[in-house]
Amino acid sequence: MSTFKHNKQFGEAGDSGCGTVLTALLVIAAVVGCAFGVRRCNSEKKILDVEIVHPKGIDLTPVQIRSVENIGEWEFLTISDEELVDTTRRRVLGRDDRLVRIYRGTLRLGIDLGKAREGWASAHGDTVTLQLPPVRLLSERFIDEARTRSFFESGTWDARAKDQMYYKAARQMRHRCVTPATLMQAEENARAEITALFRTFGFNTVEIEFDKL
Amino acid sequence: MRIKSLFNSLAFVLAVGLLTACGKITSHQEEVPVDEAVEAVADSIDLVLTVARTSRLYTAEYQVHKIVTHSDVKFLRTTLLGHTLDTRLSLGDRKIAIPIDVTLKAYIDFSGFSESQIERSEDGTKIHITLPDPKVVVTSSKIDHQSTKQYTDILRSDFTDEEMTDFTAQGVRAILKTVPQLGILESARQGAAQTLIPLIASLGYAESDIVVTFRKQFTVSDLPQIIDNERSVVKF
């Protein structure tokens, strides 16, 4: 009697376990089926779509004009340069902090007509004589920091460190690009271009002299 | 207890299944917009140090200031049958304000200047010069690092240098879009006249007999803002 009762209990427990597993399998199959169904529908027409959106755009803010100036800078040589600048902060414990940036700049060599002496151009018959200011770097602000690439960064860096890197890049660019050779090249180009321009005005002879730096 | 555990497992499977069905949880951070992808190609060309012979007369300079701001907020976007619902996620916000100073210059390229652009009166006393079309270029941009402010929740990390340079680049692009409203064209024309008229007068012409004009009167509709290989150049 007791054996029969034990077997009956065992049989009920076994039936219940099989039923639960079967139900779970059916539910999983139904969910997976639904998932594939919705996915197939989504590929044709978006029925349900869930995503985390992380806008990376900047906000709308006004542009303020700080100054407007009429200038007369004549550029004869353009040098586009980029400089890799890095800085390291030593740590007693752990790895050192490093920041590596690639700066880009365009250095423009030419003459500033605003600095030309009075009566710098004169004409006699078909000859024009020009006394021009020296060829030099037209602007000290030549780095386009918006085009800087952050190549590597570890640790946190303050404004002072980034400013120092900016000025270091500017020094390196100036040293590399503003040389006697490039200034000479710009001067030669200036002679050729100005001569061609004044010939279009009808002058056969163009005499050009540059002031000394 | 077992039923509760089974229910939790089913709920997890259901959630995973639904997310799989809906595609995937995406973050826009990983997506590269088409224009940025194009720009990346242009950047690789720019890596070459170039020396170019030019003949550009810069006639106007604008110093422009802009505070570039970005609010780093995440949303859960649910699209159901064409209806979109954005729910702001409280994962911790970040905000940054980057002041930038940009120098814009307008120039006239004389490298293609020819005799056909000069007209003289029959007696040779009057002269009319048609200038090449003006262009605008960003000659420099500088981030004011000292005045840059950022606010981050305790759960979030600071903005990286890469993110900050990306926002700055977007800021410069936004400035370039406002070029038509800045009045730089008129300044370019005035600057050209101020430079060229005294020069031509010194060659024997009376100032009243000198006319310096552009090919046409440029309007906003003439500003297609073509971005060349040189990213910062806007042609008119």
# chains A, B, ... in the order shown; residues from 1 in each chain; ligands from 1
>>> closest_atom_pairs(of="chain A", to="chain B", cutoff="6 Å", atoms="only C-alpha atoms", output="CSV")
residue,atom,partner,partner_atom,distance
A:Ala35,CA,B:Ala21,CA,4.7
A:Val38,CA,B:Ala21,CA,5.7
A:Arg39,CA,B:Ala21,CA,4.3
A:Ile47,CA,B:Leu81,CA,4.6
A:Leu48,CA,B:Leu80,CA,4.5
A:Asp49,CA,B:Thr79,CA,4.8
A:Val50,CA,B:Thr78,CA,4.5
A:Glu51,CA,B:Ile25,CA,4.8
A:Ile52,CA,B:Leu76,CA,4.6
A:Val53,CA,B:Phe75,CA,5.0
A:His54,CA,B:Lys74,CA,4.9
A:Ile58,CA,B:His70,CA,4.7
A:Asp59,CA,B:Thr69,CA,5.5
A:Val63,CA,B:Lys66,CA,5.1
A:Gln64,CA,B:His65,CA,5.1
A:Ile65,CA,B:Val64,CA,4.5
A:Arg66,CA,B:Gln63,CA,5.2
A:Ser67,CA,B:Gln63,CA,5.1
A:Val68,CA,B:Tyr62,CA,4.7
A:Glu69,CA,B:Glu61,CA,5.2
A:Asn70,CA,B:Ala60,CA,4.5
A:Ile71,CA,B:Thr59,CA,4.7
A:Gly72,CA,B:Thr59,CA,5.2
A:Glu73,CA,B:Tyr58,CA,5.0
A:Trp74,CA,B:Leu57,CA,4.4
A:Glu75,CA,B:Arg56,CA,5.1
A:Phe76,CA,B:Thr54,CA,4.6
A:Leu77,CA,B:Arg53,CA,4.8
A:Thr78,CA,B:Ala52,CA,5.2
A:Ile79,CA,B:Val51,CA,4.5
A:Ser80,CA,B:Thr50,CA,5.2
A:Asp81,CA,B:Leu49,CA,5.1
A:Ser122,CA,B:Ser202,CA,5.8
A:Ala123,CA,B:Leu203,CA,5.1
A:Arg141,CA,B:Ser140,CA,5.8
A:Phe142,CA,B:Ser140,CA,5.1
A:Ile143,CA,B:Ser140,CA,5.2
A:Asp144,CA,B:Ser140,CA,4.5
A:Glu145,CA,B:Ser141,CA,5.3
A:Ala146,CA,B:Ala169,CA,4.6
A:Ser150,CA,B:Glu162,CA,5.1
A:Ala159,CA,B:His145,CA,4.8
A:Thr200,CA,B:Glu115,CA,5.0
>>> write_last_selection(atoms="C-alpha atoms", output="CSV table (one decimal), in the first residue's frame")
chain,number,residue,atom,x,y,z
A,35,ALA,CA,10.8,38.1,-32.7
A,38,VAL,CA,8.4,41.3,-36.1
A,39,ARG,CA,12.0,41.5,-37.4
A,47,ILE,CA,6.5,48.6,-37.2
A,48,LEU,CA,8.4,48.7,-34.0
A,49,ASP,CA,11.8,50.2,-33.4
A,50,VAL,CA,13.6,50.9,-30.1
A,51,GLU,CA,16.9,52.6,-30.0
A,52,ILE,CA,19.0,54.8,-27.7
A,53,VAL,CA,19.6,58.1,-29.4
A,54,HIS,CA,22.6,60.2,-28.5
A,58,ILE,CA,26.0,71.3,-31.2
A,59,ASP,CA,23.2,73.7,-30.1
A,63,VAL,CA,27.7,84.3,-34.2
A,64,GLN,CA,29.2,87.5,-32.9
A,65,ILE,CA,31.3,89.8,-35.2
A,66,ARG,CA,34.1,91.2,-33.0
A,67,SER,CA,35.8,93.3,-35.7
A,68,VAL,CA,35.7,94.1,-39.4
A,69,GLU,CA,38.7,95.5,-41.1
A,70,ASN,CA,39.6,96.4,-44.7
A,71,ILE,CA,43.1,95.0,-45.4
A,72,GLY,CA,45.4,94.9,-48.3
A,73,GLU,CA,47.5,91.7,-47.9
A,74,TRP,CA,48.8,90.2,-51.0
A,75,GLU,CA,49.7,86.5,-50.6
A,76,PHE,CA,52.3,84.9,-52.9
A,77,LEU,CA,53.1,81.6,-51.1
A,78,THR,CA,50.9,79.4,-49.1
A,79,ILE,CA,52.3,76.6,-46.9
A,80,SER,CA,49.9,74.1,-45.3
A,81,ASP,CA,51.6,72.4,-42.4
A,122,SER,CA,54.9,105.5,-60.1
A,123,ALA,CA,54.7,105.3,-63.8
A,141,ARG,CA,47.3,83.5,-36.3
A,142,PHE,CA,47.7,80.7,-38.8
A,143,ILE,CA,46.6,77.6,-36.8
A,144,ASP,CA,43.1,76.2,-37.5
A,145,GLU,CA,42.5,74.7,-34.1
A,146,ALA,CA,39.1,73.4,-35.3
A,150,SER,CA,43.3,64.5,-30.9
A,159,ALA,CA,43.4,74.6,-20.3
A,200,THR,CA,47.8,93.6,-68.3
>>> atom_distance(atom1="CA of Val135 (chain A)", atom2="CA of Ile197 (chain B)")
22.1 Å
>>> select_by_dssp(residues="region 87-180 of chain A", states="alpha helix (DSSP H)", output="ChimeraX atom specification")
/A:159-177,180
>>> write_last_selection(atoms="N, CA and C atoms", output="CSV table (one decimal), in the first residue's frame")
chain,number,residue,atom,x,y,z
A,159,ALA,N,43.3,73.6,-19.2
A,159,ALA,CA,43.4,74.6,-20.3
A,159,ALA,C,44.8,75.0,-20.5
A,160,ARG,N,45.6,75.1,-19.4
A,160,ARG,CA,47.0,75.6,-19.5
A,160,ARG,C,47.8,74.7,-20.4
A,161,ALA,N,47.6,73.4,-20.1
A,161,ALA,CA,48.4,72.4,-20.9
A,161,ALA,C,48.1,72.5,-22.4
A,162,LYS,N,46.8,72.7,-22.7
A,162,LYS,CA,46.4,72.8,-24.1
A,162,LYS,C,46.9,74.1,-24.8
A,163,ASP,N,46.8,75.2,-24.0
A,163,ASP,CA,47.4,76.4,-24.5
A,163,ASP,C,48.9,76.3,-24.8
A,164,GLN,N,49.6,75.7,-23.9
A,164,GLN,CA,51.0,75.5,-24.1
A,164,GLN,C,51.3,74.7,-25.4
A,165,MET,N,50.5,73.6,-25.6
A,165,MET,CA,50.7,72.8,-26.8
A,165,MET,C,50.4,73.6,-28.0
A,166,TYR,N,49.4,74.5,-28.0
A,166,TYR,CA,49.0,75.3,-29.1
A,166,TYR,C,50.2,76.2,-29.5
A,167,TYR,N,50.8,76.9,-28.5
A,167,TYR,CA,51.9,77.8,-28.8
A,167,TYR,C,53.1,77.0,-29.2
A,168,LYS,N,53.3,75.8,-28.7
A,168,LYS,CA,54.4,75.0,-29.1
A,168,LYS,C,54.3,74.7,-30.6
A,169,ALA,N,53.0,74.3,-31.0
A,169,ALA,CA,52.8,73.9,-32.4
A,169,ALA,C,53.0,75.1,-33.3
A,170,ALA,N,52.6,76.3,-32.8
A,170,ALA,CA,52.8,77.5,-33.6
A,170,ALA,C,54.3,77.8,-33.8
A,171,ARG,N,55.0,77.6,-32.8
A,171,ARG,CA,56.5,77.9,-32.9
A,171,ARG,C,57.1,76.9,-33.9
A,172,GLN,N,56.7,75.6,-33.8
A,172,GLN,CA,57.3,74.6,-34.7
A,172,GLN,C,56.9,74.9,-36.1
A,173,MET,N,55.7,75.3,-36.4
A,173,MET,CA,55.2,75.6,-37.7
A,173,MET,C,56.0,76.8,-38.3
A,174,ARG,N,56.1,77.8,-37.5
A,174,ARG,CA,56.9,79.0,-38.0
A,174,ARG,C,58.3,78.6,-38.3
A,175,HIS,N,58.9,77.8,-37.4
A,175,HIS,CA,60.3,77.5,-37.6
A,175,HIS,C,60.5,76.6,-38.8
A,176,ARG,N,59.5,75.8,-39.1
A,176,ARG,CA,59.6,74.9,-40.3
A,176,ARG,C,59.3,75.6,-41.6
A,177,CYS,N,58.3,76.5,-41.5
A,177,CYS,CA,57.8,77.1,-42.8
A,177,CYS,C,58.4,78.5,-43.2
A,180,PRO,N,64.5,81.5,-44.8
A,180,PRO,CA,65.0,82.3,-45.9
A,180,PRO,C,64.6,81.8,-47.2
>>> select_by_dssp(residues="region 21-228 of chain B", states="strand (DSSP E or B)", output="ChimeraX atom specification")
/B:50-72,75-80,83-88,94-109,118-120,127-131,134-143,149-152,210-214
>>> closest_residue(among="A:Leu107, A:Leu26, A:Ala192, A:Val206", to="Asp126 (chain A)", atoms="only C-alpha atoms")
A:Val206
>>> closest_residue(among="A:Asp86, A:Glu187, A:Glu193, A:Glu140", to="Trp157 (chain A)", atoms="only C-alpha atoms")
A:Asp86
>>> residues_around(residues="region 98-103 of chain A", least_positions_apart="3", cutoff="6 Å", atoms="only C-alpha atoms", output="mmCIF file with C-alpha atoms, in the first residue's frame")
data_model
loop_
_atom_site.group_PDB
_atom_site.id
_atom_site.type_symbol
_atom_site.label_atom_id
_atom_site.label_comp_id
_atom_site.auth_asym_id
_atom_site.auth_seq_id
_atom_site.Cartn_x
_atom_site.Cartn_y
_atom_site.Cartn_z
ATOM 1 C CA GLU A 82 50.736 70.046 -39.587
ATOM 2 C CA GLU A 83 52.636 69.398 -36.417
ATOM 3 C CA LEU A 84 52.441 66.574 -33.926
ATOM 4 C CA VAL A 85 52.738 67.874 -30.392
ATOM 5 C CA ASP A 86 52.673 65.725 -27.285
ATOM 6 C CA THR A 87 52.920 66.307 -23.584
ATOM 7 C CA THR A 88 53.416 63.890 -20.681
ATOM 8 C CA THR A 148 43.170 69.738 -34.770
ATOM 9 C CA ARG A 149 43.087 66.014 -34.287
ATOM 10 C CA SER A 150 43.283 64.510 -30.860
ATOM 11 C CA PHE A 151 45.520 61.528 -31.552
ATOM 12 C CA PHE A 152 45.893 60.086 -28.045
ATOM 13 C CA GLU A 153 44.645 61.103 -24.630
ATOM 14 C CA SER A 154 45.057 59.550 -21.217
#
>>> closest_residue(among="A:Ala196, A:Phe210, A:Arg90, A:Asn204", to="Gly125 (chain A)", atoms="only C-alpha atoms")
A:Asn204
